[in-house]
$ cat upload.tsv   # TSV, C-alpha atoms and all ligand atoms
chain	number	residue	atom	x	y	z
A	22	MET	CA	-29.98	-14.36	-16.96
A	23	PRO	CA	-30.36	-11.74	-19.71
A	24	VAL	CA	-33.80	-10.33	-20.43
A	25	ALA	CA	-34.01	-9.84	-24.16
A	26	TYR	CA	-36.71	-7.78	-25.77
A	27	THR	CA	-36.08	-8.83	-29.33
A	28	HIS	CA	-38.86	-6.66	-30.69
A	29	PHE	CA	-39.58	-2.96	-30.79
A	30	ALA	CA	-41.49	-2.15	-27.59
A	31	ARG	CA	-45.00	-0.99	-28.36
A	32	ARG	CA	-47.05	0.69	-25.65
A	33	SER	CA	-49.96	2.21	-27.57
A	34	LEU	CA	-51.58	0.83	-30.73
A	35	LEU	CA	-54.30	3.04	-32.24
A	36	PHE	CA	-57.04	1.66	-34.47
A	37	MET	CA	-58.29	3.84	-37.28
A	38	PRO	CA	-61.07	2.89	-39.70
A	39	GLY	CA	-59.49	2.04	-43.05
A	40	ASP	CA	-62.15	3.92	-45.00
A	41	SER	CA	-61.49	7.22	-43.21
A	42	MET	CA	-58.64	9.09	-44.88
A	43	LYS	CA	-59.50	12.01	-42.60
A	44	LYS	CA	-58.60	10.01	-39.49
A	45	ILE	CA	-55.59	8.30	-41.05
A	46	GLN	CA	-54.17	11.59	-42.30
A	47	LYS	CA	-53.71	12.87	-38.78
A	48	ALA	CA	-51.98	9.72	-37.53
A	49	ALA	CA	-48.60	11.42	-37.67
A	50	SER	CA	-49.78	14.05	-35.20
A	51	TRP	CA	-50.67	11.53	-32.48
A	52	GLU	CA	-48.37	10.34	-29.73
A	53	VAL	CA	-48.68	6.67	-30.63
A	54	ASP	CA	-46.24	3.79	-31.16
A	55	THR	CA	-48.29	1.80	-33.67
A	56	VAL	CA	-50.99	2.81	-36.12
A	57	ILE	CA	-53.51	0.10	-37.05
A	58	LEU	CA	-55.23	0.69	-40.39
A	59	ASP	CA	-58.37	-1.37	-39.97
A	60	LEU	CA	-60.08	-3.33	-42.71
A	61	GLU	CA	-62.14	-5.49	-40.34
A	62	ASP	CA	-64.83	-4.57	-37.83
A	63	GLY	CA	-64.18	-0.81	-37.82
A	64	VAL	CA	-65.35	-0.78	-41.45
A	65	ALA	CA	-68.95	-1.39	-42.60
A	66	GLN	CA	-69.53	-4.38	-44.91
A	67	ASN	CA	-70.41	-2.12	-47.84
A	68	ARG	CA	-67.22	-0.06	-47.38
A	69	LYS	CA	-64.65	-2.89	-47.50
A	70	LEU	CA	-63.48	-2.06	-51.03
A	71	GLU	CA	-63.30	1.65	-50.24
A	72	ALA	CA	-61.23	0.83	-47.14
A	73	ARG	CA	-58.77	-1.32	-49.08
A	74	THR	CA	-58.16	1.47	-51.59
A	75	THR	CA	-57.89	4.12	-48.87
A	76	VAL	CA	-55.41	2.10	-46.81
A	77	ALA	CA	-53.26	1.45	-49.89
A	78	GLU	CA	-53.28	5.18	-50.72
A	79	ALA	CA	-52.48	6.14	-47.15
A	80	LEU	CA	-49.50	3.76	-47.02
A	81	GLN	CA	-48.28	5.11	-50.33
A	82	GLN	CA	-48.74	8.82	-49.66
A	83	LEU	CA	-48.50	9.55	-45.94
A	84	ASP	CA	-45.49	9.94	-43.72
A	85	PHE	CA	-46.16	8.20	-40.40
A	86	GLY	CA	-42.79	9.16	-38.97
A	87	PRO	CA	-41.35	6.57	-36.60
A	88	ARG	CA	-44.77	5.00	-36.01
A	89	GLU	CA	-45.19	1.35	-36.90
A	90	ARG	CA	-47.87	0.76	-39.56
A	91	LEU	CA	-50.03	-2.36	-39.33
A	92	VAL	CA	-52.99	-3.40	-41.45
A	93	ARG	CA	-55.76	-5.38	-39.76
A	94	LEU	CA	-57.09	-7.98	-42.20
A	95	ASN	CA	-60.44	-9.72	-42.15
A	96	HIS	CA	-60.61	-13.34	-41.00
A	97	VAL	CA	-59.37	-15.90	-43.55
A	98	SER	CA	-62.83	-17.50	-43.77
A	99	THR	CA	-64.13	-14.35	-45.53
A	100	GLY	CA	-61.71	-14.91	-48.40
A	101	LEU	CA	-60.71	-11.25	-48.14
A	102	PRO	CA	-57.10	-11.44	-46.85
A	103	ALA	CA	-55.76	-12.48	-50.27
A	104	VAL	CA	-57.07	-9.30	-51.93
A	105	GLU	CA	-56.26	-7.18	-48.88
A	106	ILE	CA	-52.63	-8.27	-48.90
A	107	ALA	CA	-52.43	-7.92	-52.69
A	108	ALA	CA	-53.74	-4.34	-52.42
A	109	THR	CA	-51.45	-3.18	-49.61
A	110	ALA	CA	-48.23	-5.24	-49.41
A	111	SER	CA	-46.40	-3.37	-52.16
A	112	TRP	CA	-46.70	-0.15	-50.09
A	113	ARG	CA	-44.73	-1.87	-47.37
A	114	PRO	CA	-46.71	-1.72	-44.15
A	115	ASP	CA	-44.62	-3.07	-41.26
A	116	GLY	CA	-47.02	-5.89	-40.68
A	117	PHE	CA	-50.52	-7.32	-40.55
A	118	ILE	CA	-53.01	-8.34	-37.89
A	119	ALA	CA	-55.00	-11.57	-38.18
A	120	PRO	CA	-58.27	-11.08	-36.25
A	121	LYS	CA	-60.30	-13.78	-34.47
A	122	ALA	CA	-57.42	-16.28	-34.70
A	123	GLU	CA	-58.88	-19.65	-33.74
A	124	ASP	CA	-56.14	-22.14	-34.46
A	125	GLU	CA	-52.82	-22.80	-36.15
A	126	ALA	CA	-54.48	-23.18	-39.58
A	127	ASP	CA	-55.84	-19.62	-39.43
A	128	LEU	CA	-52.37	-18.20	-38.94
A	129	ARG	CA	-50.69	-20.55	-41.40
A	130	ALA	CA	-53.12	-19.41	-44.09
A	131	VAL	CA	-52.18	-15.74	-43.53
A	132	ASP	CA	-48.52	-16.69	-43.26
A	133	ARG	CA	-48.64	-18.34	-46.69
A	134	LEU	CA	-50.34	-15.32	-48.28
A	135	LEU	CA	-47.66	-13.04	-46.82
A	136	GLU	CA	-44.91	-15.33	-48.03
A	137	ASP	CA	-46.37	-15.32	-51.56
A	138	ALA	CA	-46.53	-11.52	-51.50
A	139	GLU	CA	-42.95	-11.29	-50.25
A	140	ARG	CA	-41.69	-13.56	-53.03
A	141	GLN	CA	-43.62	-11.64	-55.68
A	142	LEU	CA	-42.24	-8.33	-54.45
A	143	GLY	CA	-38.70	-9.67	-54.17
A	144	LEU	CA	-38.63	-9.11	-50.41
A	145	ASP	CA	-37.02	-11.35	-47.81
A	146	VAL	CA	-39.45	-13.98	-46.60
A	147	GLY	CA	-40.58	-13.01	-43.10
A	148	VAL	CA	-40.20	-9.22	-43.36
A	149	PHE	CA	-43.90	-8.63	-42.81
A	150	ARG	CA	-44.62	-8.91	-39.10
A	151	LEU	CA	-47.74	-10.68	-37.94
A	152	PHE	CA	-49.96	-10.22	-34.89
A	153	ALA	CA	-52.87	-12.44	-33.87
A	154	MET	CA	-56.01	-11.25	-32.13
A	155	ILE	CA	-57.29	-13.63	-29.49
A	156	GLU	CA	-60.97	-12.85	-29.14
A	157	THR	CA	-62.88	-16.11	-29.39
A	158	ALA	CA	-63.26	-19.05	-27.01
A	159	ARG	CA	-61.45	-21.32	-29.48
A	160	GLY	CA	-58.62	-18.84	-29.80
A	161	VAL	CA	-58.13	-18.97	-26.05
A	162	MET	CA	-58.26	-22.79	-26.00
A	163	ASN	CA	-55.72	-22.98	-28.85
A	164	LEU	CA	-53.33	-20.30	-27.62
A	165	LYS	CA	-50.30	-22.58	-27.66
A	166	GLU	CA	-50.66	-23.68	-31.28
A	167	ILE	CA	-51.44	-20.12	-32.37
A	168	ALA	CA	-48.38	-18.74	-30.55
A	169	ARG	CA	-46.15	-21.31	-32.32
A	170	ALA	CA	-47.83	-21.23	-35.76
A	171	THR	CA	-45.28	-19.02	-37.52
A	172	THR	CA	-41.97	-17.38	-36.70
A	173	ARG	CA	-43.15	-14.06	-38.11
A	174	LEU	CA	-45.63	-13.74	-35.23
A	175	GLU	CA	-44.54	-10.90	-32.90
A	176	GLY	CA	-47.48	-10.41	-30.62
A	177	LEU	CA	-50.92	-11.38	-29.34
A	178	ILE	CA	-53.71	-8.84	-29.01
A	179	PHE	CA	-56.49	-9.57	-26.56
A	180	GLY	CA	-59.99	-8.63	-27.74
A	181	ALA	CA	-62.49	-8.51	-24.91
A	182	GLU	CA	-65.61	-7.36	-26.75
A	183	ASP	CA	-65.69	-10.18	-29.30
A	184	LEU	CA	-64.73	-12.71	-26.66
A	185	ALA	CA	-67.56	-11.60	-24.38
A	186	GLY	CA	-69.98	-12.03	-27.29
A	187	ASP	CA	-68.58	-15.45	-28.08
A	188	ILE	CA	-68.77	-16.86	-24.56
A	189	GLY	CA	-72.00	-15.12	-23.58
A	190	ALA	CA	-70.39	-12.89	-20.96
A	191	VAL	CA	-71.70	-9.48	-19.97
A	192	ARG	CA	-68.96	-6.83	-20.12
A	193	THR	CA	-68.38	-4.92	-16.91
A	194	SER	CA	-65.79	-2.29	-16.04
A	195	ALA	CA	-64.06	-4.64	-13.59
A	196	ALA	CA	-63.64	-7.12	-16.50
A	197	TRP	CA	-63.66	-10.27	-14.31
A	198	GLU	CA	-65.87	-11.94	-16.95
A	199	VAL	CA	-62.87	-11.96	-19.35
A	200	PHE	CA	-60.13	-12.33	-16.76
A	201	TYR	CA	-59.28	-15.95	-17.50
A	202	ALA	CA	-58.70	-15.22	-21.19
A	203	ARG	CA	-56.91	-11.93	-20.52
A	204	SER	CA	-54.50	-13.66	-18.20
A	205	ALA	CA	-54.09	-16.68	-20.52
A	206	VAL	CA	-53.11	-14.43	-23.44
A	207	VAL	CA	-50.33	-12.68	-21.52
A	208	THR	CA	-49.06	-16.01	-20.18
A	209	ALA	CA	-48.95	-17.60	-23.65
A	210	ALA	CA	-47.15	-14.54	-25.00
A	211	ALA	CA	-44.47	-14.80	-22.31
A	212	ALA	CA	-44.08	-18.55	-22.91
A	213	TYR	CA	-43.38	-18.08	-26.62
A	214	ASP	CA	-41.44	-14.78	-26.57
A	215	LEU	CA	-44.25	-12.64	-27.96
A	216	GLN	CA	-45.48	-9.24	-26.88
A	217	ALA	CA	-48.99	-8.98	-25.42
A	218	PHE	CA	-51.41	-6.11	-25.96
A	219	ASP	CA	-54.46	-5.49	-23.85
A	220	MET	CA	-58.06	-4.92	-24.96
A	221	VAL	CA	-59.51	-1.58	-26.05
A	222	PHE	CA	-61.29	0.65	-23.55
A	223	PRO	CA	-64.35	1.82	-25.50
A	224	ASP	CA	-65.35	4.78	-23.26
A	225	PHE	CA	-62.89	7.31	-24.66
A	226	HIS	CA	-64.25	10.11	-22.44
A	227	ASP	CA	-63.24	8.26	-19.25
A	228	ALA	CA	-59.55	9.00	-18.70
A	229	THR	CA	-59.56	7.79	-15.09
A	230	GLY	CA	-61.09	4.44	-16.04
A	231	LEU	CA	-58.59	3.98	-18.87
A	232	GLU	CA	-55.69	4.75	-16.58
A	233	ALA	CA	-56.86	2.22	-13.99
A	234	GLU	CA	-57.46	-0.48	-16.61
A	235	SER	CA	-54.02	0.18	-18.14
A	236	ARG	CA	-52.32	-0.02	-14.77
A	237	PHE	CA	-54.00	-3.36	-14.04
A	238	ALA	CA	-53.03	-4.70	-17.49
A	239	ARG	CA	-49.44	-3.78	-16.83
A	240	GLN	CA	-49.58	-5.53	-13.46
A	241	LEU	CA	-50.77	-8.64	-15.33
A	242	GLY	CA	-47.70	-8.46	-17.56
A	243	TYR	CA	-49.09	-6.72	-20.65
A	244	THR	CA	-46.57	-4.49	-22.41
A	245	GLY	CA	-49.08	-2.30	-24.24
A	246	LYS	CA	-52.71	-1.62	-24.97
A	247	THR	CA	-54.86	-1.09	-28.04
A	248	CYS	CA	-56.66	2.26	-28.31
A	249	ILE	CA	-59.59	3.59	-30.31
A	250	HIS	CA	-59.24	7.35	-29.83
A	251	PRO	CA	-56.17	9.62	-29.97
A	252	ASN	CA	-56.91	11.05	-26.53
A	253	GLN	CA	-56.23	7.56	-25.10
A	254	THR	CA	-52.67	7.09	-26.36
A	255	PRO	CA	-50.83	9.55	-24.05
A	256	ILE	CA	-52.50	7.91	-21.04
A	257	VAL	CA	-51.59	4.43	-22.27
A	258	ASN	CA	-48.01	5.44	-23.11
A	259	ARG	CA	-47.56	6.80	-19.61
A	260	ALA	CA	-49.11	3.74	-17.96
A	261	PHE	CA	-46.82	1.34	-19.85
A	262	SER	CA	-43.61	3.33	-19.35
A	263	PRO	CA	-41.69	2.62	-16.16
A	264	THR	CA	-41.76	5.61	-13.78
A	265	SER	CA	-38.50	7.22	-12.62
A	266	GLU	CA	-39.15	5.75	-9.14
A	267	GLU	CA	-39.49	2.26	-10.63
A	268	ILE	CA	-36.28	2.67	-12.65
A	269	ASP	CA	-34.47	4.01	-9.64
A	270	ARG	CA	-35.64	1.17	-7.40
A	271	ALA	CA	-34.74	-1.44	-10.05
A	272	GLN	CA	-31.21	-0.02	-10.30
A	273	ARG	CA	-30.77	0.00	-6.53
A	274	LEU	CA	-32.12	-3.55	-6.25
A	275	ILE	CA	-29.74	-4.86	-8.92
A	276	GLN	CA	-26.78	-3.19	-7.20
A	277	ALA	CA	-27.77	-4.62	-3.83
A	278	PHE	CA	-28.33	-8.06	-5.37
A	279	GLU	CA	-24.90	-8.12	-6.96
A	280	ALA	CA	-23.24	-7.06	-3.72
A	281	GLN	CA	-25.15	-9.73	-1.76
A	282	GLN	CA	-24.33	-12.45	-4.33
A	283	ALA	CA	-20.66	-11.55	-4.11
A	284	ALA	CA	-20.93	-11.88	-0.35
A	285	GLY	CA	-22.57	-15.31	-0.78
A	286	ALA	CA	-26.22	-14.47	0.02
A	287	GLY	CA	-28.96	-15.64	-2.37
A	288	ALA	CA	-31.85	-14.07	-0.47
A	289	PHE	CA	-31.54	-10.90	1.55
A	290	THR	CA	-33.47	-7.95	2.92
A	291	PHE	CA	-33.88	-4.95	0.64
A	292	GLU	CA	-35.77	-1.90	1.94
A	293	GLY	CA	-37.54	-4.03	4.52
A	294	LYS	CA	-38.58	-6.92	2.25
A	295	MET	CA	-37.13	-10.24	1.15
A	296	VAL	CA	-35.47	-10.18	-2.24
A	297	ASP	CA	-34.16	-13.10	-4.27
A	298	MET	CA	-33.67	-14.15	-7.91
A	299	PRO	CA	-37.25	-13.58	-9.25
A	300	MET	CA	-37.16	-9.96	-8.06
A	301	LEU	CA	-33.83	-9.48	-9.84
A	302	VAL	CA	-35.37	-10.78	-13.08
A	303	ALA	CA	-38.32	-8.38	-12.64
A	304	ALA	CA	-35.95	-5.45	-11.99
A	305	ARG	CA	-33.99	-6.28	-15.15
A	306	LYS	CA	-37.24	-6.34	-17.11
A	307	VAL	CA	-38.04	-2.83	-15.88
A	308	LEU	CA	-34.67	-1.58	-17.14
A	309	ALA	CA	-35.04	-3.47	-20.45
A	310	ARG	CA	-38.31	-1.64	-21.05
A	311	VAL	CA	-36.57	1.73	-20.74
A	312	LYS	CA	-34.49	1.03	-23.84
A	401	LIG	N1	-57.77	7.61	-35.29
A	401	LIG	C1	-57.43	8.80	-35.81
A	401	LIG	N2	-58.12	9.93	-35.58
A	401	LIG	C2	-59.18	9.84	-34.78
A	401	LIG	C3	-59.58	8.62	-34.20
A	401	LIG	C4	-58.83	7.47	-34.49
A	401	LIG	N3	-59.14	6.28	-33.99
A	401	LIG	N4	-60.67	8.84	-33.45
A	401	LIG	C5	-60.94	10.12	-33.54
A	401	LIG	N5	-60.05	10.75	-34.35
A	401	LIG	C6	-60.02	12.18	-34.68
A	401	LIG	C7	-61.36	12.65	-35.23
A	401	LIG	O1	-61.38	12.51	-36.64
A	401	LIG	C8	-61.42	14.07	-34.77
A	401	LIG	O2	-60.69	14.87	-35.67
A	401	LIG	P1	-61.15	16.39	-35.96
A	401	LIG	O3	-61.01	17.10	-34.67
A	401	LIG	O4	-60.20	16.84	-37.01
A	401	LIG	O5	-62.56	16.28	-36.45
A	401	LIG	C9	-60.65	14.05	-33.45
A	401	LIG	O6	-59.84	12.89	-33.48
A	401	LIG	C10	-61.57	14.00	-32.25
A	401	LIG	O7	-62.46	12.91	-32.41
A	401	LIG	P2	-63.91	12.89	-31.73
A	401	LIG	O8	-64.80	13.93	-32.36
A	401	LIG	O9	-63.72	12.98	-30.26
A	401	LIG	O10	-64.43	11.45	-32.07
A	401	LIG	P3	-65.30	11.00	-33.32
A	401	LIG	O11	-66.74	11.16	-32.96
A	401	LIG	O12	-64.80	11.66	-34.56
A	401	LIG	O13	-64.95	9.45	-33.41
A	401	LIG	C11	-64.96	7.15	-32.90
A	401	LIG	C12	-65.28	8.56	-32.38
A	401	LIG	C13	-65.14	6.16	-31.78
A	401	LIG	C14	-65.91	6.82	-34.06
A	401	LIG	C15	-63.49	7.17	-33.41
A	401	LIG	O14	-62.69	7.47	-32.31
A	401	LIG	C16	-63.03	5.93	-34.11
A	401	LIG	O15	-63.31	5.75	-35.29
A	401	LIG	N6	-62.26	5.05	-33.42
A	401	LIG	C17	-61.71	3.87	-33.98
A	401	LIG	C18	-62.79	2.82	-34.13
A	401	LIG	C19	-62.22	1.50	-34.65
A	401	LIG	O16	-61.32	1.48	-35.44
A	401	LIG	N7	-62.80	0.38	-34.16
A	401	LIG	C20	-62.35	-0.91	-34.52
A	401	LIG	C21	-61.35	-1.47	-33.57
A	401	LIG	S1	-61.98	-1.76	-31.95
A	402	MG	MG	-62.61	-7.80	-32.71

$ encode --input "upload.tsv" --output "structure tokens" --more "lines below"
Ligand code: COA
Ligand code: MG
Amino acid sequence: MPVAYTHFARRSLLFMPGDSMKKIQKAASWEVDTVILDLEDGVAQNRKLEARTTVAEALQQLDFGPRERLVRLNHVSTGLPAVEIAATASWRPDGFIAPKAEDEADLRAVDRLLEDAERQLGLDVGVFRLFAMIETARGVMNLKEIARATTRLEGLIFGAEDLAGDIGAVRTSAAWEVFYARSAVVTAAAAYDLQAFDMVFPDFHDATGLEAESRFARQLGYTGKTCIHPNQTPIVNRAFSPTSEEIDRAQRLIQAFEAQQAAGAGAFTFEGKMVDMPMLVAARKVLARVK
């Protein structure tokens, strides 16, 4: 059974306020897989226009190196995405993020705007990638229809702070109050061949806490995590990269599995524990992530 990662593997995704050219300018010096130029909640209401202009200029003028460049739009109900896409699409960001996605209609609306922009610019329909943020109770309830809303969708981003506000939960460091949603997002992503990115860790002075939260997210199946400060991305990159011990063990397990299969055994003992097909699939996933 091949494990295909059809998309570029993102470990760290760093938000930067769209109205801060100072922060965006340094993006190319950070160890980060994806840069998110934010037009939504990281920008004050009276700075939305400024942010649109700044993000367009940044996309036009700055060299982000190999980093993926995404623009986070406002929710379709604000009426802003049409102008936001019009202002930025011609500078060719790699994709867009639809925040507070509640249902299929939310994503279809953004999908149509992107398709219009692609046609106007003479680009192939579907070149702009799309990501949906799941951060409302309705978004969690409608995960399946959101995940299947458009083929340009590449990933789901879990937003714990907005969700907590929406459901009336009190945020704690253990995060059990958002566990159901956090787990549902990663499960929906796996079901529909999407990547899943974990919530931000707001306390950017707490490296130990970030590391623990990242490790747990990876254990849940998340492939990356959103960040708010550049000192978080090296920690997140490390947490979401397989260690040399993990790679080594996966290789040994696959070898042993193949030898046992050839000898006619489906389940066998490997380093003191039972191993069968699901562990082989997990080992292959570890190696696929290395690529
Ligand atoms: N992206 C790019 N650069 C950033 C950054 C970010 N998210 N956060 C901080 N920096 C830069 C700062 O500009 C500063 O640069 P300098 O040394 O040249 O002055 C350096 O990194 C150190 O930053 P620091 O002084 O520790 O933090 P700050 O007080 O400047 O900013 C925040 C703190 C939280 C306001 C800032 O990290 C931030 O804006 N984060 C993103 C917030 C966001 O987008 N939220 C919405 C999504 S949840
Ligand atoms: Mg949010």

$ atom_distance --input "upload.tsv" --atom1 "atom CA of Lys306 of chain A" --atom2 "atom CA of Phe218 of chain A"
16.7 Å

$ closest_residue --input "upload.tsv" --among "A:Val92, A:Met220, A:Met37, A:Met298" --to "ligand MG 402 (chain A)" --atoms "all atoms listed in the file"
A:Met220

$ closest_residue --input "upload.tsv" --among "A:Trp197, A:Arg173, A:Ala138, A:Asp219" --to "Glu156 of chain A" --atoms "all atoms listed in the file"
A:Asp219

$ residues_near_point --input "upload.tsv" --point "(-62.8, 4.4, -44.8)" --cutoff "10 Å" --atoms "all atoms listed in the file" --output "PyMOL selection string"
chain A and resi 37-45+58-60+63-65+68-76

$ write_last_selection --input "upload.tsv" --atoms "C-alpha atoms" --output "CSV table (one decimal), in the coordinates of the input"
chain,number,residue,atom,x,y,z
A,37,MET,CA,-58.3,3.8,-37.3
A,38,PRO,CA,-61.1,2.9,-39.7
A,39,GLY,CA,-59.5,2.0,-43.0
A,40,ASP,CA,-62.2,3.9,-45.0
A,41,SER,CA,-61.5,7.2,-43.2
A,42,MET,CA,-58.6,9.1,-44.9
A,43,LYS,CA,-59.5,12.0,-42.6
A,44,LYS,CA,-58.6,10.0,-39.5
A,45,ILE,CA,-55.6,8.3,-41.0
A,58,LEU,CA,-55.2,0.7,-40.4
A,59,ASP,CA,-58.4,-1.4,-40.0
A,60,LEU,CA,-60.1,-3.3,-42.7
A,63,GLY,CA,-64.2,-0.8,-37.8
A,64,VAL,CA,-65.4,-0.8,-41.4
A,65,ALA,CA,-69.0,-1.4,-42.6
A,68,ARG,CA,-67.2,-0.1,-47.4
A,69,LYS,CA,-64.6,-2.9,-47.5
A,70,LEU,CA,-63.5,-2.1,-51.0
A,71,GLU,CA,-63.3,1.6,-50.2
A,72,ALA,CA,-61.2,0.8,-47.1
A,73,ARG,CA,-58.8,-1.3,-49.1
A,74,THR,CA,-58.2,1.5,-51.6
A,75,THR,CA,-57.9,4.1,-48.9
A,76,VAL,CA,-55.4,2.1,-46.8

$ residues_near_ligand --input "upload.tsv" --ligand "ligand MG 402 (chain A)" --cutoff "10 Å" --atoms "all atoms listed in the file" --output "PDB file with C-alpha atoms, keeping the file's coordinate frame"
ATOM      1  CA  GLU A  61     -62.140  -5.490 -40.340  1.00  0.00           C
ATOM      2  CA  ASP A  62     -64.830  -4.570 -37.830  1.00  0.00           C
ATOM      3  CA  GLY A  63     -64.180  -0.810 -37.820  1.00  0.00           C
ATOM      4  CA  ASN A  95     -60.440  -9.720 -42.150  1.00  0.00           C
ATOM      5  CA  PRO A 120     -58.270 -11.080 -36.250  1.00  0.00           C
ATOM      6  CA  LYS A 121     -60.300 -13.780 -34.470  1.00  0.00           C
ATOM      7  CA  MET A 154     -56.010 -11.250 -32.130  1.00  0.00           C
ATOM      8  CA  ILE A 155     -57.290 -13.630 -29.490  1.00  0.00           C
ATOM      9  CA  GLU A 156     -60.970 -12.850 -29.140  1.00  0.00           C
ATOM     10  CA  THR A 157     -62.880 -16.110 -29.390  1.00  0.00           C
ATOM     11  CA  ILE A 178     -53.710  -8.840 -29.010  1.00  0.00           C
ATOM     12  CA  PHE A 179     -56.490  -9.570 -26.560  1.00  0.00           C
ATOM     13  CA  GLY A 180     -59.990  -8.630 -27.740  1.00  0.00           C
ATOM     14  CA  ALA A 181     -62.490  -8.510 -24.910  1.00  0.00           C
ATOM     15  CA  GLU A 182     -65.610  -7.360 -26.750  1.00  0.00           C
ATOM     16  CA  ASP A 183     -65.690 -10.180 -29.300  1.00  0.00           C
ATOM     17  CA  LEU A 184     -64.730 -12.710 -26.660  1.00  0.00           C
ATOM     18  CA  MET A 220     -58.060  -4.920 -24.960  1.00  0.00           C
ATOM     19  CA  VAL A 221     -59.510  -1.580 -26.050  1.00  0.00           C
TER      20      VAL A 221
END

$ closest_residue --input "upload.tsv" --among "A:Pro102, A:Arg32, A:Thr171, A:Arg93" --to "Pro263 of chain A" --atoms "all atoms listed in the file"
A:Arg32

$ residues_around --input "upload.tsv" --residues "segment 206-216 of chain A" --least-positions-apart "4" --cutoff "7 Å" --atoms "all atoms listed in the file" --output "MDAnalysis selection string"
chainID A and resid 164:165 168 175:177 179 202 242:244

$ atom_distance --input "upload.tsv" --atom1 "atom CA of Asn163 of chain A" --atom2 "atom CA of Ala130 of chain A"
15.9 Å

$ atom_distance --input "upload.tsv" --atom1 "atom CA of His250 of chain A" --atom2 "atom CA of Trp51 of chain A"
9.9 Å

$ closest_residue --input "upload.tsv" --among "A:Arg236, A:His226, A:Arg203, A:Arg133" --to "ligand LIG 401 (chain A)" --atoms "only C-alpha atoms and all ligand atoms"
A:His226

$ closest_residue --input "upload.tsv" --among "A:Ile249, A:Leu34, A:Ala108, A:Ala153" --to "ligand LIG 401 (chain A)" --atoms "all atoms listed in the file"
A:Ile249

$ closest_residue --input "upload.tsv" --among "A:Ala271, A:Ile118, A:Leu308, A:Ala126" --to "ligand LIG 401 (chain A)" --atoms "only C-alpha atoms and all ligand atoms"
A:Ile118

$ build_atoms --input "upload.tsv" --residues "segment 143-154 of chain A" --atoms "N, CA and C atoms" --output "mmCIF file, keeping the file's coordinate frame"
data_model
loop_
_atom_site.group_PDB
_atom_site.id
_atom_site.type_symbol
_atom_site.label_atom_id
_atom_site.label_comp_id
_atom_site.auth_asym_id
_atom_site.auth_seq_id
_atom_site.Cartn_x
_atom_site.Cartn_y
_atom_site.Cartn_z
ATOM 1 N N GLY A 143 -40.156 -9.556 -54.291
ATOM 2 C CA GLY A 143 -38.700 -9.670 -54.170
ATOM 3 C C GLY A 143 -38.189 -9.281 -52.797
ATOM 4 N N LEU A 144 -39.033 -9.442 -51.786
ATOM 5 C CA LEU A 144 -38.630 -9.110 -50.410
ATOM 6 C C LEU A 144 -38.162 -10.378 -49.699
ATOM 7 N N ASP A 145 -37.414 -10.190 -48.608
ATOM 8 C CA ASP A 145 -37.020 -11.350 -47.810
ATOM 9 C C ASP A 145 -38.273 -11.977 -47.201
ATOM 10 N N VAL A 146 -38.321 -13.294 -47.213
ATOM 11 C CA VAL A 146 -39.450 -13.980 -46.600
ATOM 12 C C VAL A 146 -39.406 -13.747 -45.083
ATOM 13 N N GLY A 147 -40.522 -13.273 -44.549
ATOM 14 C CA GLY A 147 -40.580 -13.010 -43.100
ATOM 15 C C GLY A 147 -40.508 -11.540 -42.739
ATOM 16 N N VAL A 148 -40.314 -10.649 -43.721
ATOM 17 C CA VAL A 148 -40.200 -9.220 -43.360
ATOM 18 C C VAL A 148 -41.517 -8.650 -42.837
ATOM 19 N N PHE A 149 -42.629 -9.140 -43.326
ATOM 20 C CA PHE A 149 -43.900 -8.630 -42.810
ATOM 21 C C PHE A 149 -44.171 -9.268 -41.450
ATOM 22 N N ARG A 150 -44.333 -8.418 -40.447
ATOM 23 C CA ARG A 150 -44.620 -8.910 -39.100
ATOM 24 C C ARG A 150 -46.085 -9.348 -39.041
ATOM 25 N N LEU A 151 -46.367 -10.220 -38.095
ATOM 26 C CA LEU A 151 -47.740 -10.680 -37.940
ATOM 27 C C LEU A 151 -48.139 -10.635 -36.464
ATOM 28 N N PHE A 152 -49.384 -10.279 -36.237
ATOM 29 C CA PHE A 152 -49.960 -10.220 -34.890
ATOM 30 C C PHE A 152 -51.282 -10.975 -34.951
ATOM 31 N N ALA A 153 -51.610 -11.686 -33.900
ATOM 32 C CA ALA A 153 -52.870 -12.440 -33.870
ATOM 33 C C ALA A 153 -53.776 -11.863 -32.802
ATOM 34 N N MET A 154 -55.046 -11.678 -33.145
ATOM 35 C CA MET A 154 -56.010 -11.250 -32.130
ATOM 36 C C MET A 154 -56.668 -12.476 -31.532
#
